[in-house]
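> What follows is a structure written as structure tokens; I'll ask about it next.
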Amino acid sequence: MAFVTSQDMLIKADQQGYAVGAFNVENMEMVMAVIRACEELNAPAMLQTTPSTIGYAGLPLFVANVKTCAEAAKVPICLHLDHGSSYDLAMQALRQGYSSIMIDGSKLSLEENILLSARVADACRANNIPVEAELGKVGGKEDDLEVSDPGYTDPEDAVRFVRETGVTSLAVAIGTAHGIYKGEPRLDINRLSEIDQVVDIPLVLHGASGVPDETVKECIRRGIRKVNFATELRIAYSDGIKEYLSEDPSVFDPKKYGRRGMEKVTELVKQKILVCGSENKA
Ligand code: 13P
């Protein structure tokens, strides 16, 4: 179908009350595996890369990879910068052809976060590229990103943040964390409803790996329109490869174990699409 921005897919999700799955990809195999799952369930999706993933292969390679696969796919696919860590990285991603950008100023003070997010939103608006920002701090560790002092999103701050930045979607902190949970996460689900009542742009849930399906669905009922999954995809891909290597330790063809990794990712992403309710929404 097409390589698209995240704008229309998030607006449609908002109108129809489901969420778009946003899947972190680390290499060509994961890109192919995620898009295969989307095609099998006729779902739109966002594929996203963190700064450390970009450090691994570079922006141009991910743009070429995702764009090539998206243009041949039967469903709309967008390429999103996840946790853009600076204005410069956001602008590089914009210039290289990312079709959706996140700027993460959540470690800054509210004022500094507003200034940075507004600056990125202004530049992206001129290019018709949507911008996600984060308010409050999602805890945990993912790649090189570690937050040891998580903080919940304040609904009043959220109103001011959205008004003064002009961002098009907002990542909220309600108790989820990146990476693997030690126990069952305890979310402040009422806070999510409060934010949804006063903010009229799509809300984003980070740190969804390990959150029970029913809890993710409840978050979607209360206004989440994009759900981020990273750690579980990395585990699925690695488990597939480990499984193949233990069955056939003498294998030396990366295509053989790579296929097993892809199958595991496709299977997982299909489950997550069903949790998001984005099947048949392409
Ligand atoms: P998980 O690693 O917990 O799935 O979080 C993903 C995420 O929020 C990416 O930004």
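Ordered as shown in the structure tokens, chains take letters A, B, and onward, while each chain numbers its residues from 1 and ligands are numbered from 1 in the order shown.
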Report as a ChimeraX atom specification which protein, DNA and RNA residues come within 10 Å of ligand 1, using only C-alpha atoms and all ligand atoms.

/A:22-24,48-50,81-84,102,104,138-143,145,171,176-181,204-211,227-235

> Excluding segment 71-79 of chain A and residues on its chain fewer than 4 positions from it, collect all residues at most 9 Å away from it, counting only C-alpha atoms, and give them as an mmCIF file with N, CA and C atoms, in the first residue's frame.


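Dumped everything to around-v6.cif:
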data_model
loop_
_atom_site.group_PDB
_atom_site.id
_atom_site.type_symbol
_atom_site.label_atom_id
_atom_site.label_comp_id
_atom_site.auth_asym_id
_atom_site.auth_seq_id
_atom_site.Cartn_x
_atom_site.Cartn_y
_atom_site.Cartn_z
ATOM 1 N N MET A 1 0.857 -1.188 0.000
ATOM 2 C CA MET A 1 0.000 0.000 0.000
ATOM 3 C C MET A 1 0.887 1.230 0.000
ATOM 4 N N ALA A 2 1.383 1.617 1.207
ATOM 5 C CA ALA A 2 2.123 2.869 1.175
ATOM 6 C C ALA A 2 2.958 3.118 2.415
ATOM 7 N N PHE A 3 3.963 3.924 2.177
ATOM 8 C CA PHE A 3 4.766 4.469 3.262
ATOM 9 C C PHE A 3 4.105 5.799 3.617
ATOM 10 N N VAL A 4 3.566 5.901 4.809
ATOM 11 C CA VAL A 4 2.733 7.061 5.161
ATOM 12 C C VAL A 4 3.242 7.713 6.452
ATOM 13 N N THR A 5 2.656 8.856 6.801
ATOM 14 C CA THR A 5 2.953 9.446 8.109
ATOM 15 C C THR A 5 1.997 8.815 9.127
ATOM 16 N N SER A 6 2.225 9.134 10.393
ATOM 17 C CA SER A 6 1.351 8.560 11.428
ATOM 18 C C SER A 6 0.065 9.364 11.603
ATOM 19 N N MET A 9 -3.324 7.641 10.428
ATOM 20 C CA MET A 9 -3.623 6.398 11.150
ATOM 21 C C MET A 9 -4.027 6.677 12.603
ATOM 22 N N ILE A 35 5.942 -6.302 9.324
ATOM 23 C CA ILE A 35 5.063 -5.963 8.195
ATOM 24 C C ILE A 35 4.263 -7.198 7.750
ATOM 25 N N ARG A 36 4.883 -8.357 7.823
ATOM 26 C CA ARG A 36 4.144 -9.583 7.474
ATOM 27 C C ARG A 36 2.927 -9.753 8.397
ATOM 28 N N CYS A 38 1.301 -7.451 9.964
ATOM 29 C CA CYS A 38 0.304 -6.408 9.636
ATOM 30 C C CYS A 38 -0.481 -6.804 8.392
ATOM 31 N N GLU A 39 0.221 -7.357 7.405
ATOM 32 C CA GLU A 39 -0.483 -7.764 6.176
ATOM 33 C C GLU A 39 -1.446 -8.901 6.468
ATOM 34 N N ASN A 42 -4.313 -7.300 8.121
ATOM 35 C CA ASN A 42 -4.819 -6.076 7.474
ATOM 36 C C ASN A 42 -4.819 -4.889 8.437
ATOM 37 N N ALA A 43 -3.671 -4.713 9.098
ATOM 38 C CA ALA A 43 -3.562 -3.666 10.123
ATOM 39 C C ALA A 43 -2.535 -2.604 9.725
ATOM 40 N N PRO A 44 -2.812 -1.332 10.057
ATOM 41 C CA PRO A 44 -1.784 -0.298 9.896
ATOM 42 C C PRO A 44 -0.779 -0.444 11.037
ATOM 43 N N ALA A 45 0.434 0.055 10.870
ATOM 44 C CA ALA A 45 1.363 0.001 12.008
ATOM 45 C C ALA A 45 2.439 1.051 11.883
ATOM 46 N N MET A 46 3.026 1.355 13.044
ATOM 47 C CA MET A 46 4.193 2.216 13.094
ATOM 48 C C MET A 46 5.379 1.333 13.431
ATOM 49 N N LEU A 47 6.449 1.458 12.641
ATOM 50 C CA LEU A 47 7.700 0.779 12.958
ATOM 51 C C LEU A 47 8.607 1.855 13.520
ATOM 52 N N GLN A 48 9.306 1.569 14.612
ATOM 53 C CA GLN A 48 10.076 2.645 15.229
ATOM 54 C C GLN A 48 11.458 2.194 15.655
ATOM 55 N N THR A 49 12.364 3.179 15.703
ATOM 56 C CA THR A 49 13.747 2.894 16.095
ATOM 57 C C THR A 49 14.174 3.898 17.170
ATOM 58 N N PHE A 62 17.655 2.361 7.768
ATOM 59 C CA PHE A 62 16.291 2.082 8.239
ATOM 60 C C PHE A 62 15.248 2.719 7.326
ATOM 61 N N VAL A 63 15.534 3.935 6.830
ATOM 62 C CA VAL A 63 14.579 4.566 5.922
ATOM 63 C C VAL A 63 14.433 3.705 4.665
ATOM 64 N N VAL A 66 12.599 0.235 5.575
ATOM 65 C CA VAL A 66 11.166 0.316 5.895
ATOM 66 C C VAL A 66 10.384 0.839 4.691
ATOM 67 N N LYS A 67 10.945 1.835 3.999
ATOM 68 C CA LYS A 67 10.244 2.404 2.846
ATOM 69 C C LYS A 67 10.055 1.349 1.746
ATOM 70 N N GLY A 97 14.006 11.185 6.004
ATOM 71 C CA GLY A 97 12.761 10.610 5.494
ATOM 72 C C GLY A 97 11.920 9.845 6.488
ATOM 73 N N TYR A 98 12.209 9.975 7.802
ATOM 74 C CA TYR A 98 11.297 9.381 8.787
ATOM 75 C C TYR A 98 9.940 10.055 8.622
ATOM 76 N N SER A 99 8.860 9.288 8.768
ATOM 77 C CA SER A 99 7.543 9.862 8.502
ATOM 78 C C SER A 99 6.767 10.136 9.792
ATOM 79 N N SER A 100 7.453 10.133 10.908
ATOM 80 C CA SER A 100 6.849 10.436 12.208
ATOM 81 C C SER A 100 8.018 10.592 13.185
ATOM 82 N N ILE A 101 7.902 11.567 14.094
ATOM 83 C CA ILE A 101 9.049 11.879 14.961
ATOM 84 C C ILE A 101 8.585 11.966 16.411
ATOM 85 N N LYS A 281 -8.066 -2.492 9.975
ATOM 86 C CA LYS A 281 -8.188 -1.022 9.993
ATOM 87 C C LYS A 281 -7.212 -0.385 8.999
ATOM 88 N N ALA A 282 -6.658 -1.187 8.104
ATOM 89 C CA ALA A 282 -5.652 -0.663 7.159
ATOM 90 C C ALA A 282 -6.285 0.392 6.241
#

> Could you work out how far atom CA of Val172 of chain A lies from atom CA of Asp157 of chain A, giving the answer in Å with one decimal?

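Atom CA of Val172 of chain A lies at a distance of 11.2 Å from atom CA of Asp157 of chain A.
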
> Would you please extract all helix (DSSP H, G or I) residues from segment 121-152 of chain A, as assigned by DSSP on the backbone, and give them as a VMD selection string?

chain A and resid 121 to 125

> Which one is closest to Gly136 of chain A: A:Ile174, A:Ile11, A:Leu116, A:Leu187? Count only C-alpha atoms.

A:Ile174

> Hey, can you check how far atom CA of Gln271 of chain A sits from atom CA of Glu218 of chain A?

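Taking atom CA of Gln271 of chain A and atom CA of Glu218 of chain A, their separation equals 16.2 Å.
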
> Can you list, as a list of chain:residue names, every protein, DNA or RNA residue that comes within 9 Å of Leu59 of chain A when you count only C-alpha atoms, leaving out same-chain residues fewer than 5 positions away?

A:Ile54, A:Ala64, A:Gln92, A:Ala93, A:Gln96, A:Gly97, A:Tyr98

> Using Å and a single decimal, report how far atom CA of Asp213 of chain A sits from atom CA of Val162 of chain A.

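Straight-line distance from atom CA of Val162 of chain A to atom CA of Asp213 of chain A works out to 28.6 Å.
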
> Looking at only C-alpha atoms, which of A:Cys124, A:Ile129, A:Leu135, A:Ile114 is the one that sits closest to Asp8 of chain A?

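Of A:Cys124, A:Ile129, A:Leu135, A:Ile114, the one nearest Asp8 of chain A, counting only C-alpha atoms, is A:Ile129.
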
> Using only C-alpha atoms, which residue out of A:Ala133, A:Ile189, A:Val198, A:Ala123 lies closest to Thr168 of chain A?

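Counting only C-alpha atoms, the residue closest to Thr168 of chain A is A:Ala133.
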
> Can you work out which one of A:Pro202, A:Ala19, A:Thr53, A:Ser169 has the shortest atom-to-atom distance to Ile220 of chain A, counting only C-alpha atoms?

A:Ala19

> Please, which residues of segment 52-214 of chain A, numbered as in this document, come out strand (DSSP E) from DSSP, as an MDAnalysis selection string?

chainID A and resid 76:84 100:103 131:135 139:142 145:147 169:172 177:178 203:205

> Name the residues in contact with segment 250-261 of chain A at a cut-off of 8 Å, using only C-alpha atoms, excluding same-chain residues fewer than 6 positions from it; report them as a PyMOL selection string.

chain A and resi 29+236-241+244

> Using only C-alpha atoms, find the one residue out of A:Val265, A:Ala173, A:Val34, A:Ile224 that sits nearest to Tyr152 of chain A.

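So, comparing all the options, the nearest one is A:Ala173.
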
> Find the residues around Gly105 of chain A up to 7 Å (only C-alpha atoms counted), leave out those fewer than 2 positions away in its own chain, and share them as a list in words.

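Near Gly105 of chain A, the qualifying residues are Ile103, Lys107, Leu108, Asn113, Leu116, Ser117 and Glu134 of chain A.
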